[in-house]
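**Q** Below is the structure I would like to discuss, written out as structure tokens.
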Amino acid sequence: MDYDTYGSSAVELAIDLANAERDEGPGWAAAFLRAHDEWFDAGTPLDLAPADAEHAAATADLVRAVAVAGSQEEVIARLNDLLALASPQPYATDHDGELHLHYARADAPVLEQLTTTVAMGLSQVVVQHGWQRIGTCSAEGCDDVYVDTSRNASRRYCSNTCASRSTVAAYRARRKA
Ligand SMILES: [Zn+2]
Ligand SMILES: [Zn+2]
């Protein structure tokens with residue numbers, strides 16, 4: 001994806017969080033953090049207190065609420081709920097060789113880094129490119145959240161898999177008819 005035109009790659013962390021599988025109980029949050037540790041300052045302890053999984057779930061729910069919102073008014077309300085959880089203290093870094101911004105202070109607890117990065121990344125994309133850019137998959141049986149980075153804002157599916165699955169289903173439905 002081309003993030004030069006999309007302001008913030010941190011929106012990807014927001015999308016991943018919204019789509020994280022939570023059925024297996026509170027351990028999902030720790031597993032999510034481990035799988036996304038490149039987003040947190042090196043050396044940040046990834047351990048969570050039991051209540052932290054609930055906070056991460058609340059953040060995930062707010063990202064999803066922005067994606068399913070049907071009006072700008074609703075998007076603004078949910079986005080502000082999300083931003084109220086953030087503690088931004090941005091700084092510039094080139095720790096990976098490329099100059100970019102981090103949104104949370106480097107020594108913040110991992111949950112604070114997660115919430116802040118997700119809130120700032122999502123908000124940037126929404127205010128710069130419009131709330132319609134965040135949506136949920138149109139494929140049957142899938143409700144994953146996506147960010148639409150297509151030039152003409154034409155995306156409807158979370159992935160190529162869902163897009164081709166839906167194309168095949170539509171073709172079969174036409175043939176039956
Ligand atoms: Zn970085
Ligand atoms: Zn999908």
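Chain identifiers are assigned as A, B, and so on, following the order in which chains appear in the structure tokens; residues are numbered from 1 within each chain, and ligands are numbered from 1 in order of appearance.
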Do you have, as CSV, the list of residues of chain A lying at most 9 Å from ligand 1, each with its nearest atom pair and that distance in Å to one decimal, counting only C-alpha atoms and all ligand atoms and ordered by chain then number?
**A**
residue,atom,partner,partner_atom_place_in_ligand_line,distance
A:Glu38,CA,ligand 1,1 (Zn),7.6
A:Trp39,CA,ligand 1,1 (Zn),6.5
A:Phe40,CA,ligand 1,1 (Zn),7.6
A:Asp41,CA,ligand 1,1 (Zn),7.4
A:Ala92,CA,ligand 1,1 (Zn),8.8
A:Thr93,CA,ligand 1,1 (Zn),6.8
A:Asp94,CA,ligand 1,1 (Zn),7.1
A:His95,CA,ligand 1,1 (Zn),6.3
A:Asp96,CA,ligand 1,1 (Zn),6.4
A:Glu98,CA,ligand 1,1 (Zn),8.3
A:Leu99,CA,ligand 1,1 (Zn),8.4
A:His100,CA,ligand 1,1 (Zn),6.6
A:Leu101,CA,ligand 1,1 (Zn),6.9
A:His102,CA,ligand 1,1 (Zn),6.0
**Q** Set the distance at 10 Å and use only C-alpha atoms: which residues neighbour His55 of chain A once local chain neighbours fewer than 6 positions away are removed? I'd like the list as a list in words.
**A**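 What passes the distance filter is Ala29, Asp61, Leu85, Leu111, Glu112 and Thr115 of chain A.
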**Q** Among segment 4-169 of chain A, which ones does DSSP assign to strand (DSSP E) (computed from the backbone)? Answer as a list in words.
**A**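 Filtering segment 4-169 of chain A down to strand (DSSP E) leaves Tyr91, Ala92, Thr93, His100, Leu101, His102, Ile134, Gly135, Thr136, Val145, Tyr146 and Val147 of chain A.
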**Q** Those same residues - all heavy atoms - I'd like them written as an mmCIF file, in the first residue's frame.
**A**
data_model
loop_
_atom_site.group_PDB
_atom_site.id
_atom_site.type_symbol
_atom_site.label_atom_id
_atom_site.label_comp_id
_atom_site.auth_asym_id
_atom_site.auth_seq_id
_atom_site.Cartn_x
_atom_site.Cartn_y
_atom_site.Cartn_z
ATOM 1 N N TYR A 91 7.110 12.149 18.551
ATOM 2 C CA TYR A 91 8.506 12.493 18.328
ATOM 3 C C TYR A 91 8.980 11.876 17.028
ATOM 4 O O TYR A 91 8.425 10.885 16.554
ATOM 5 C CB TYR A 91 9.391 12.052 19.507
ATOM 6 C CG TYR A 91 9.483 10.559 19.712
ATOM 7 C CD1 TYR A 91 10.555 9.840 19.177
ATOM 8 C CD2 TYR A 91 8.520 9.883 20.451
ATOM 9 C CE1 TYR A 91 10.642 8.461 19.370
ATOM 10 C CE2 TYR A 91 8.603 8.515 20.648
ATOM 11 C CZ TYR A 91 9.667 7.815 20.101
ATOM 12 O OH TYR A 91 9.752 6.457 20.284
ATOM 13 N N ALA A 92 9.992 12.507 16.425
ATOM 14 C CA ALA A 92 10.538 12.026 15.158
ATOM 15 C C ALA A 92 11.658 11.034 15.432
ATOM 16 O O ALA A 92 12.389 11.171 16.413
ATOM 17 C CB ALA A 92 11.062 13.209 14.344
ATOM 18 N N THR A 93 11.782 10.039 14.579
ATOM 19 C CA THR A 93 12.827 9.030 14.753
ATOM 20 C C THR A 93 13.208 8.438 13.404
ATOM 21 O O THR A 93 12.433 8.514 12.450
ATOM 22 C CB THR A 93 12.350 7.907 15.708
ATOM 23 O OG1 THR A 93 13.356 6.891 15.775
ATOM 24 C CG2 THR A 93 11.064 7.272 15.217
ATOM 25 N N HIS A 100 10.436 8.994 10.438
ATOM 26 C CA HIS A 100 8.986 8.957 10.624
ATOM 27 C C HIS A 100 8.616 9.397 12.036
ATOM 28 O O HIS A 100 9.485 9.620 12.860
ATOM 29 C CB HIS A 100 8.428 7.554 10.317
ATOM 30 C CG HIS A 100 8.974 6.473 11.202
ATOM 31 N ND1 HIS A 100 10.253 5.976 11.096
ATOM 32 C CD2 HIS A 100 8.409 5.793 12.228
ATOM 33 C CE1 HIS A 100 10.441 5.029 11.999
ATOM 34 N NE2 HIS A 100 9.331 4.900 12.703
ATOM 35 N N LEU A 101 7.328 9.526 12.274
ATOM 36 C CA LEU A 101 6.855 9.952 13.584
ATOM 37 C C LEU A 101 6.397 8.769 14.412
ATOM 38 O O LEU A 101 5.788 7.835 13.888
ATOM 39 C CB LEU A 101 5.667 10.906 13.433
ATOM 40 C CG LEU A 101 5.915 12.346 13.018
ATOM 41 C CD1 LEU A 101 4.577 13.086 12.930
ATOM 42 C CD2 LEU A 101 6.831 13.063 14.002
ATOM 43 N N HIS A 102 6.681 8.817 15.690
ATOM 44 C CA HIS A 102 6.008 7.956 16.655
ATOM 45 C C HIS A 102 5.052 8.848 17.435
ATOM 46 O O HIS A 102 5.347 10.003 17.679
ATOM 47 C CB HIS A 102 7.017 7.309 17.602
ATOM 48 C CG HIS A 102 7.721 6.137 16.996
ATOM 49 N ND1 HIS A 102 8.498 5.273 17.725
ATOM 50 C CD2 HIS A 102 7.756 5.688 15.725
ATOM 51 C CE1 HIS A 102 8.983 4.332 16.932
ATOM 52 N NE2 HIS A 102 8.558 4.568 15.706
ATOM 53 N N ILE A 134 -12.611 4.114 5.569
ATOM 54 C CA ILE A 134 -12.563 3.013 6.524
ATOM 55 C C ILE A 134 -13.890 2.274 6.410
ATOM 56 O O ILE A 134 -14.951 2.876 6.601
ATOM 57 C CB ILE A 134 -12.389 3.522 7.974
ATOM 58 C CG1 ILE A 134 -11.279 4.574 8.062
ATOM 59 C CG2 ILE A 134 -12.117 2.374 8.937
ATOM 60 C CD1 ILE A 134 -9.887 4.075 7.788
ATOM 61 N N GLY A 135 -13.846 1.006 6.081
ATOM 62 C CA GLY A 135 -15.090 0.271 5.893
ATOM 63 C C GLY A 135 -14.980 -1.161 6.375
ATOM 64 O O GLY A 135 -13.950 -1.586 6.909
ATOM 65 N N THR A 136 -16.073 -1.907 6.205
ATOM 66 C CA THR A 136 -16.055 -3.334 6.540
ATOM 67 C C THR A 136 -16.341 -4.139 5.274
ATOM 68 O O THR A 136 -17.047 -3.692 4.379
ATOM 69 C CB THR A 136 -17.097 -3.691 7.615
ATOM 70 O OG1 THR A 136 -18.368 -3.185 7.200
ATOM 71 C CG2 THR A 136 -16.730 -3.096 8.958
ATOM 72 N N VAL A 145 -12.511 -5.233 9.015
ATOM 73 C CA VAL A 145 -12.361 -3.814 8.736
ATOM 74 C C VAL A 145 -11.204 -3.616 7.752
ATOM 75 O O VAL A 145 -10.224 -4.357 7.794
ATOM 76 C CB VAL A 145 -12.082 -3.062 10.063
ATOM 77 C CG1 VAL A 145 -11.760 -1.602 9.819
ATOM 78 C CG2 VAL A 145 -13.272 -3.205 11.007
ATOM 79 N N TYR A 146 -11.330 -2.651 6.853
ATOM 80 C CA TYR A 146 -10.226 -2.334 5.946
ATOM 81 C C TYR A 146 -10.073 -0.829 5.811
ATOM 82 O O TYR A 146 -10.988 -0.064 6.131
ATOM 83 C CB TYR A 146 -10.449 -2.961 4.565
ATOM 84 C CG TYR A 146 -11.684 -2.456 3.850
ATOM 85 C CD1 TYR A 146 -11.697 -1.200 3.251
ATOM 86 C CD2 TYR A 146 -12.842 -3.228 3.794
ATOM 87 C CE1 TYR A 146 -12.828 -0.728 2.604
ATOM 88 C CE2 TYR A 146 -13.979 -2.757 3.155
ATOM 89 C CZ TYR A 146 -13.971 -1.505 2.560
ATOM 90 O OH TYR A 146 -15.096 -1.033 1.941
ATOM 91 N N VAL A 147 -8.910 -0.418 5.317
ATOM 92 C CA VAL A 147 -8.718 0.974 4.900
ATOM 93 C C VAL A 147 -8.591 0.959 3.384
ATOM 94 O O VAL A 147 -7.849 0.157 2.815
ATOM 95 C CB VAL A 147 -7.500 1.631 5.590
ATOM 96 C CG1 VAL A 147 -6.225 0.837 5.374
ATOM 97 C CG2 VAL A 147 -7.310 3.064 5.094
#
**Q** Which is closer to ligand 2 than all the others in A:Asp47, A:Val125, A:Asn19, A:Leu33, using only C-alpha atoms and all ligand atoms?
**A**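 Distance minimum relative to ligand 2 lands on A:Asn19.
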**Q** Using only C-alpha atoms and all ligand atoms, which residues have at least one atom no more than 7 Å from ligand 2? Output them as a list of chain:residue names.
**A** A:Cys137, A:Ser138, A:Ala139, A:Cys142, A:Asp143, A:Asp144, A:Tyr157, A:Cys158, A:Ser159, A:Cys162
**Q** Can you spit out the residues from that selection as an mmCIF file, in the first residue's frame, using C-alpha atoms?
**A**
data_model
loop_
_atom_site.group_PDB
_atom_site.id
_atom_site.type_symbol
_atom_site.label_atom_id
_atom_site.label_comp_id
_atom_site.auth_asym_id
_atom_site.auth_seq_id
_atom_site.Cartn_x
_atom_site.Cartn_y
_atom_site.Cartn_z
ATOM 1 C CA CYS A 137 -15.834 -6.203 4.079
ATOM 2 C CA SER A 138 -18.836 -6.795 1.801
ATOM 3 C CA ALA A 139 -18.129 -10.507 1.369
ATOM 4 C CA CYS A 142 -16.754 -11.639 6.652
ATOM 5 C CA ASP A 143 -16.939 -8.373 8.551
ATOM 6 C CA ASP A 144 -13.267 -7.483 8.671
ATOM 7 C CA TYR A 157 -13.479 -6.148 0.428
ATOM 8 C CA CYS A 158 -10.921 -6.693 3.168
ATOM 9 C CA SER A 159 -8.680 -8.831 0.974
ATOM 10 C CA CYS A 162 -12.789 -12.096 -0.139
#
**Q** Hey, what's within 10 Å of Val66 of chain A if we count only C-alpha atoms and toss same-chain stuff fewer than 3 positions away? As a PyMOL selection string, please?
**A** chain A and resi 61-63+69-72+74-79+82+122-123+126+131-132+134-136+145
**Q** Measuring between only C-alpha atoms, which one of A:Met120, A:Phe32, A:Tyr103, A:Ile15 shows the shortest distance to Ala65 of chain A?
**A**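 Once distances to Ala65 of chain A are computed over only C-alpha atoms, the minimum belongs to A:Ile15.
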**Q** Give me every alpha helix (DSSP H) residue in chain A, going by DSSP on the backbone, as a PyMOL selection string.
**A** chain A and resi 11-18+27-35+50-68+72-84+110-129+160-176
